[in-house]
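What follows is one structure encoded as structure tokens, with my remarks underneath.
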Amino acid sequence: MTSIAKSIATAAGLAVFSSSAVLAEEITVSAWGGFFEETLRDVIYPGFTAETGIEVRSIAQPADQAWMTQLTNAARARKAPADLSLVADEVLIRGRNIGLWASLDAEAMPDTSGLLEGRVVSDGDGTYGVGALSWFVTFVTNTEYTTDAPASWADLWTVDWDGKLALLSNANSGLLEITAVTHFGGYDVLDTREGIEKVIAKISELKPQVNLWYRDEGQFQQGLEAGEYNAGLYYHDVTMLSAMDGKAVQSNFPAEGGVLSDAYWVVPRDSKNVDAAQKFINYMSRADVQAEMARNLGIFPVVPREATDLTDEEFASVGSDITPIRVQTEMHLREADWLSDKYLEMISQ
Amino acid sequence: MRRAALPYAIGLFPLGMMVLFFVGPLAFMIVVSFYESDPLGFYKIAFVWENYGKFFSSFYYTISLRSLWSASLGAVLVVLLAFPAMYIIVDMPRRWQLFWVILLLALMCLSEVIIGFAWVIVLSESSGVPKFLGWIGLWENPRSLAPSFGAMMIGYITLGFSLVALMFFPQMAQRDRSIEEAALTLGTPPLQVVTKVILPTFRPAILSSLVTMFVYFLGVYVMPTMLGRPQNWNMTVIITDKAVGDANMPLGAALSVIMLLFTLLVIGALWLASRKGRAS
């Protein structure tokens with residue numbers, strides 16, 4: 001329901017913006033609506049405008065796949081809803097395969113060379129995605145139930161959570177990868193369907209402890225703060241904010257690491273402002289801007305820690321040095337329906 | 001002839017709108033259901049039965065049976081509660097009638113999400129009914145009552161109750177009470193007045209509200225996801241997961257077409273049954 005409302009709101013917004021987007025030296029940038037888009041608009045973008053004179057129009061975009069559907073429909077009509085968009089890696093890959101993104105000139109974005117390895121994504125036709133920011137999903141706990149930080153993800157299985165675990169209902173939440181790394185020695189087990197089935201069977205052992213398979217983040221967060229749930233998987237940044245608010249929650253990095261995901265900047269194919277968009281990406285890739293985003297948004301930077309001026313305390317509040325667990329997006333795209341059906345079948349039986 | 005042209009022209013407008021905004025998208029949905037999904041992209045224009053084939057894997061089949069079960073049970077419960085409630089309300093003094101009707105109307109403007117969240121809180125161990133029962137000592141170790149099938153049914157009932165009650169209102173308020181009085185005066189036991197007089201009078205209204213609620217509950221999304229466990233998720237949830245979550249429009253469309261056929265089948269069967277019932 002809300003995502004539909006958001007889509008309509010976004011579509012209405014787009015209709016207004018696309019008519020004025022022809023004016024040069026103004027770019028439209030979309031990001032996930034809410035706190036995220038608001039903070040980028042109020043805190044981060046003004047620095048770019050001050051430096052380059054390019055005005056930034058910030059718009060809110062809906063969740064990944066819904067946004068991709070809108071971008072696909074807009075591309076059919078040869079329209080770009082925004083000059084820049086923030087997308088998760090799955091949308092990045094799918095969009096490239098159907099030609100949604102413009103090719104960018106890496107030389108026009110010199111500062112992107114300072115990004116962590118793999119954050120400048122290119123194929124034969126050029127660069128099409130540049131890492132924007134990363135975020136962690138961690139093992140969150142309610143401190144009224146236990147103040148012990150879980151040492152390993154294996155604690156999901158071994159500790160008594162009093163039947164009050166909350167996990168995400170979608171297959172690409174990172175739980176498959178957590179299980180593979182914790183119980184099967186790495187991601188190799190996910191190479192075959194037999195392997196994936198073993199991992200899913202291992203996850204199904206958690207079912208007696210799980211009382212919520214959530215898709216609505218608000219429901220989980222509210223429940224965790226209220227003590228309805230004792231532990232679960234959740235965003236590190238949001239949990240830190242709510243802990244700072246004095247709520248009885250704690251975000252923990254187990255020995256195997258948190259689940260790190262990336263968002264990328266892309267330029268929709270039909271954008272008329274590619275040059276300005278490249279300047280924008282270049283600006284957003286700078287270590288000082290990344291540090292600013294870490295401080296204000298709680299995101300994990302896509303530049304090496306040494307390049308930023310983040311203090312130890314600031315760094316610890318946005319992430320950790322432990323090698324992170326990575327969602328195996330290629331595997332999820334390869335197995336697509338088969339995997340999401342198996343997963344759903346497991347949780348709904 | 002000339003005079004008839006104007007009403008016709010007025011009638012054409014809603015008809016045109018129906019075609020444009022209902023039949024059009026429906027036709028497009030059927031077309032998309034035959035496209036081939038492309039996990040690495042979006043979809044390819046094709047003509048394949050594959051999406052329909054997927055339905056017959058036992059998994060979707062089970063879920064559609066669950067949807068039918070929860071929707072039928074929800075419809076029956078709502079009518080069972082709303083019918084007697086309205087029966088009592090129409091015999092109240094006018095002020096109280098008005099009060100209840102306004103309350104029911106007010107209930108209808110609440111969004112599904114708000115109702116869902118409200119029930120989550122009311123049924124939670126940290127602030128709701130379980131906590132209260134724990135506090136007065138009736139429940140030693142109170143646990144949240146949601147998510148569960150029962151919680152989901154409570155959500156369904158909250159959604160449908162005012163709608164059904166208001167559907168009954170006009171006919172019930174204007175019914176000829178003398179028939180019931182006559183039956184009672186002639187010595188019919190009250191229970192038989194209900195089964196022999198009142199229920200037959202309202203039979204069409206009861207049937208049509210059952211069908212309306214059944215179709216309505218087949219399409220709810222928020223209640224199953226917020227108040228139900230994964231075991232209670234209905235086809236609408238799965239279709240949304242497929243179409244919006246996985247961006248697999250063809251499969252989502254095919255599953256929707258199948259659910260539509262299911263719905264038509266059930267409505268058709270009920271219609272046939274009610275015709276036979278009248279003929280006998």
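Chains: A, B, ... in order of the structure tokens. Residues: from 1 per chain. Ligands: from 1, in order shown.
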
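Interface residues on chain A toward chain B (cut-off 6 Å, only C-alpha atoms): A:Gln65, A:Ala66, A:Arg94, A:Asn97, A:Ile98, A:Leu333, A:Ser348, A:Gln349.
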
With C-alpha atoms retained, could you export that selection as a CSV table (one decimal), in the first residue's frame?
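Writing done, so here's result_29.csv:
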chain,number,residue,atom,x,y,z
A,65,GLN,CA,12.4,-2.9,-7.6
A,66,ALA,CA,9.5,-0.5,-7.8
A,94,ARG,CA,19.6,-5.7,-14.1
A,97,ASN,CA,21.5,-5.6,-18.9
A,98,ILE,CA,18.5,-3.8,-20.4
A,333,LEU,CA,20.0,-13.1,-9.9
A,348,SER,CA,5.7,-20.5,5.2
A,349,GLN,CA,5.5,-24.2,6.0

Task: In range 111-316 of chain A, DSSP strand (DSSP E or B) residues written as a PyMOL selection string - done: chain A and resi 120-123+126-142+165-168+210-214+231-235+249-252+259-266+268+300

List as a CSV table (one decimal) with N, CA and C atoms, in the first residue's frame the protein and nucleic acid residues near range 83-88 of chain A, meaning an atom at most 7 Å away when only C-alpha atoms are counted, but skip any in the same chain fewer than 5 places from it.
chain,number,residue,atom,x,y,z
A,27,ILE,N,20.7,19.7,-11.7
A,27,ILE,CA,20.5,18.3,-11.9
A,27,ILE,C,19.5,17.8,-10.9
A,28,THR,N,18.8,16.7,-11.3
A,28,THR,CA,17.8,16.1,-10.4
A,28,THR,C,18.4,14.8,-9.9
A,29,VAL,N,18.5,14.7,-8.6
A,29,VAL,CA,19.1,13.5,-8.0
A,29,VAL,C,18.0,12.8,-7.1
A,30,SER,N,17.9,11.5,-7.4
A,30,SER,CA,16.9,10.8,-6.6
A,30,SER,C,17.6,9.9,-5.6
A,31,ALA,N,17.0,9.7,-4.4
A,31,ALA,CA,17.5,8.8,-3.4
A,31,ALA,C,16.3,8.3,-2.6
A,64,ASP,N,13.8,-0.4,-4.2
A,64,ASP,CA,14.5,-0.7,-5.4
A,64,ASP,C,13.8,-1.2,-6.6
A,262,ASP,N,26.1,-2.4,-0.9
A,262,ASP,CA,26.5,-1.1,-1.5
A,262,ASP,C,25.4,-0.5,-2.3
A,263,ALA,N,25.4,0.8,-2.4
A,263,ALA,CA,24.5,1.5,-3.3
A,263,ALA,C,25.5,2.3,-4.3
A,264,TYR,N,25.0,2.4,-5.5
A,264,TYR,CA,25.8,3.0,-6.6
A,264,TYR,C,25.0,4.2,-7.1
A,265,TRP,N,25.8,5.2,-7.7
A,265,TRP,CA,25.2,6.2,-8.5
A,265,TRP,C,25.1,5.8,-9.9
A,266,VAL,N,24.0,5.9,-10.5
A,266,VAL,CA,23.9,5.7,-11.9
A,266,VAL,C,23.2,6.9,-12.6
A,267,VAL,N,23.5,7.0,-13.9
A,267,VAL,CA,22.9,8.1,-14.7
A,267,VAL,C,21.9,7.4,-15.7
A,268,PRO,N,20.6,7.7,-15.5
A,268,PRO,CA,19.7,7.0,-16.5
A,268,PRO,C,20.0,7.5,-17.9
A,271,SER,N,19.2,10.9,-19.6
A,271,SER,CA,19.5,12.1,-19.0
A,271,SER,C,20.3,13.1,-19.9
A,273,ASN,N,22.0,15.7,-18.8
A,273,ASN,CA,23.0,16.4,-18.0
A,273,ASN,C,24.1,15.5,-17.5
A,277,ALA,N,26.3,15.5,-14.1
A,277,ALA,CA,26.1,14.3,-13.2
A,277,ALA,C,27.5,13.8,-12.9

Open item on the list: I'd like to know which residues of range 136-183 of chain B are helix (DSSP H, G or I) (by DSSP, run on the backbone); could you write them as a ChimeraX atom specification?
Closed with: /B:149-174,177-183

Generate a file of the selected residues that holds N, CA and C atoms, formatted as a tab-separated table (two decimals), in the first residue's frame.
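Once everything was written out, this is part_21.tsv:
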chain	number	residue	atom	x	y	z
B	149	PHE	N	-2.82	-16.58	13.16
B	149	PHE	CA	-4.00	-16.65	12.28
B	149	PHE	C	-5.17	-15.90	12.91
B	150	GLY	N	-5.31	-16.07	14.22
B	150	GLY	CA	-6.40	-15.39	14.92
B	150	GLY	C	-6.28	-13.88	14.81
B	151	ALA	N	-5.07	-13.38	14.98
B	151	ALA	CA	-4.85	-11.93	14.89
B	151	ALA	C	-5.21	-11.45	13.50
B	152	MET	N	-4.83	-12.26	12.49
B	152	MET	CA	-5.14	-11.88	11.12
B	152	MET	C	-6.65	-11.82	10.91
B	153	MET	N	-7.38	-12.79	11.51
B	153	MET	CA	-8.84	-12.80	11.37
B	153	MET	C	-9.45	-11.57	12.04
B	154	ILE	N	-8.90	-11.20	13.20
B	154	ILE	CA	-9.38	-9.99	13.88
B	154	ILE	C	-9.19	-8.79	12.95
B	155	GLY	N	-8.04	-8.76	12.28
B	155	GLY	CA	-7.79	-7.68	11.33
B	155	GLY	C	-8.80	-7.69	10.20
B	156	TYR	N	-9.08	-8.86	9.65
B	156	TYR	CA	-10.08	-8.98	8.57
B	156	TYR	C	-11.43	-8.44	9.04
B	157	ILE	N	-11.81	-8.87	10.26
B	157	ILE	CA	-13.13	-8.48	10.75
B	157	ILE	C	-13.20	-6.96	10.92
B	158	THR	N	-12.12	-6.35	11.45
B	158	THR	CA	-12.12	-4.90	11.61
B	158	THR	C	-12.28	-4.21	10.26
B	159	LEU	N	-11.64	-4.79	9.25
B	159	LEU	CA	-11.73	-4.18	7.92
B	159	LEU	C	-13.13	-4.27	7.35
B	160	GLY	N	-13.76	-5.44	7.49
B	160	GLY	CA	-15.00	-5.68	6.78
B	160	GLY	C	-16.26	-5.34	7.54
B	161	PHE	N	-16.16	-5.27	8.88
B	161	PHE	CA	-17.35	-5.16	9.71
B	161	PHE	C	-18.25	-3.97	9.34
B	162	SER	N	-17.64	-2.79	9.27
B	162	SER	CA	-18.47	-1.60	9.04
B	162	SER	C	-19.10	-1.66	7.65
B	163	LEU	N	-18.34	-2.18	6.70
B	163	LEU	CA	-18.86	-2.28	5.33
B	163	LEU	C	-20.12	-3.14	5.30
B	164	VAL	N	-20.03	-4.33	5.90
B	164	VAL	CA	-21.16	-5.25	5.86
B	164	VAL	C	-22.33	-4.68	6.67
B	165	ALA	N	-22.02	-4.15	7.85
B	165	ALA	CA	-23.08	-3.62	8.68
B	165	ALA	C	-23.85	-2.54	7.94
B	166	LEU	N	-23.13	-1.66	7.26
B	166	LEU	CA	-23.80	-0.58	6.55
B	166	LEU	C	-24.55	-1.10	5.33
B	167	MET	N	-24.09	-2.25	4.77
B	167	MET	CA	-24.83	-2.85	3.66
B	167	MET	C	-26.20	-3.33	4.13
B	168	PHE	N	-26.25	-3.83	5.36
B	168	PHE	CA	-27.51	-4.35	5.89
B	168	PHE	C	-28.45	-3.21	6.34
B	169	PHE	N	-27.87	-2.08	6.67
B	169	PHE	CA	-28.62	-1.03	7.37
B	169	PHE	C	-29.93	-0.60	6.70
B	170	PRO	N	-29.90	-0.18	5.40
B	170	PRO	CA	-31.14	0.35	4.83
B	170	PRO	C	-32.28	-0.68	4.83
B	171	GLN	N	-31.97	-1.90	4.37
B	171	GLN	CA	-33.01	-2.91	4.27
B	171	GLN	C	-33.55	-3.28	5.66
B	172	MET	N	-32.64	-3.34	6.62
B	172	MET	CA	-33.06	-3.76	7.95
B	172	MET	C	-33.90	-2.69	8.62
B	173	ALA	N	-33.53	-1.44	8.43
B	173	ALA	CA	-34.26	-0.35	9.08
B	173	ALA	C	-35.67	-0.25	8.51
B	174	GLN	N	-35.81	-0.55	7.21
B	174	GLN	CA	-37.12	-0.36	6.57
B	174	GLN	C	-37.95	-1.62	6.51
B	177	ARG	N	-41.73	-4.88	10.18
B	177	ARG	CA	-41.60	-5.58	11.45
B	177	ARG	C	-42.86	-6.37	11.81
B	178	SER	N	-43.98	-6.02	11.17
B	178	SER	CA	-45.24	-6.67	11.55
B	178	SER	C	-45.21	-8.16	11.25
B	179	ILE	N	-44.41	-8.57	10.24
B	179	ILE	CA	-44.35	-10.01	9.92
B	179	ILE	C	-43.78	-10.79	11.10
B	180	GLU	N	-42.68	-10.25	11.66
B	180	GLU	CA	-42.08	-10.92	12.82
B	180	GLU	C	-43.05	-10.93	14.00
B	181	GLU	N	-43.70	-9.76	14.19
B	181	GLU	CA	-44.64	-9.66	15.31
B	181	GLU	C	-45.78	-10.65	15.15
B	182	ALA	N	-46.28	-10.77	13.90
B	182	ALA	CA	-47.36	-11.70	13.62
B	182	ALA	C	-46.94	-13.13	13.95
B	183	ALA	N	-45.73	-13.49	13.52
B	183	ALA	CA	-45.23	-14.83	13.78
B	183	ALA	C	-45.16	-15.10	15.27

- [ ] Could you give me, as an NGL selection string, the residues within 12 Å of Met29 in chain B, counting only C-alpha atoms and dropping anything in the same chain fewer than 5 positions from it?
- [x] :B and (22-24 or 34-35 or 243 or 249-258 or 260)

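Going from CA of Val91 in chain A over to CA of Glu345 in chain A, you cover 24.7 Å.
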
List every residue of range 121-193 of chain A that has an atom at most 10 Å from any atom of range 316-332 of chain A, giving for each one its closest atom pair and the distance in Å to one decimal, counting only C-alpha atoms, sorted by chain and then by ascending residue number, as a Markdown table.
| residue | atom | partner | partner_atom | distance |
| --- | --- | --- | --- | --- |
| A:Ser134 | CA | A:Gly319 | CA | 9.6 |
| A:Trp135 | CA | A:Gly319 | CA | 8.0 |
| A:Phe136 | CA | A:Gly319 | CA | 6.8 |
| A:Val137 | CA | A:Ile325 | CA | 9.5 |
| A:Thr138 | CA | A:Gly319 | CA | 9.5 |
| A:Ala171 | CA | A:His332 | CA | 8.2 |
| A:Asn172 | CA | A:Val327 | CA | 6.9 |
| A:Ser173 | CA | A:Val327 | CA | 7.7 |
| A:Gly174 | CA | A:Val327 | CA | 5.4 |
| A:Leu175 | CA | A:Val327 | CA | 8.7 |
| A:Leu176 | CA | A:Val327 | CA | 8.2 |
| A:Glu177 | CA | A:Val327 | CA | 6.2 |
| A:Ile178 | CA | A:Ile325 | CA | 6.8 |
| A:Ala180 | CA | A:Ile325 | CA | 9.9 |
| A:Val181 | CA | A:Ile325 | CA | 7.8 |
| A:Gly186 | CA | A:Ile325 | CA | 9.5 |
| A:Tyr187 | CA | A:Gln328 | CA | 8.0 |
| A:Leu190 | CA | A:Met331 | CA | 7.5 |
| A:Asp191 | CA | A:Met331 | CA | 7.5 |
| A:Thr192 | CA | A:Met331 | CA | 9.5 |

- [ ] Write out as a ChimeraX atom specification the residues lying within 8 Å of range 113-123 of chain A, counting only C-alpha atoms and excluding same-chain residues fewer than 4 positions away.
- [x] /A:127-131,264,285-287,302-304

TODO: Write out as a ChimeraX atom specification which residues come within 10 Å of Gln209 in chain A when counting only C-alpha atoms, dropping same-chain ones fewer than 4 positions away.
DONE: /A:156-157,159-166,204-205

Open item on the list: Can you tell me which residues surround Val266 in chain B at a distance of at most 12 Å, considering only C-alpha atoms, apart from same-chain residues fewer than 3 positions away, and format the answer as a PyMOL selection string?
Closed with: chain B and resi 68+71-72+210-212+214-215+218+259-263+269-273
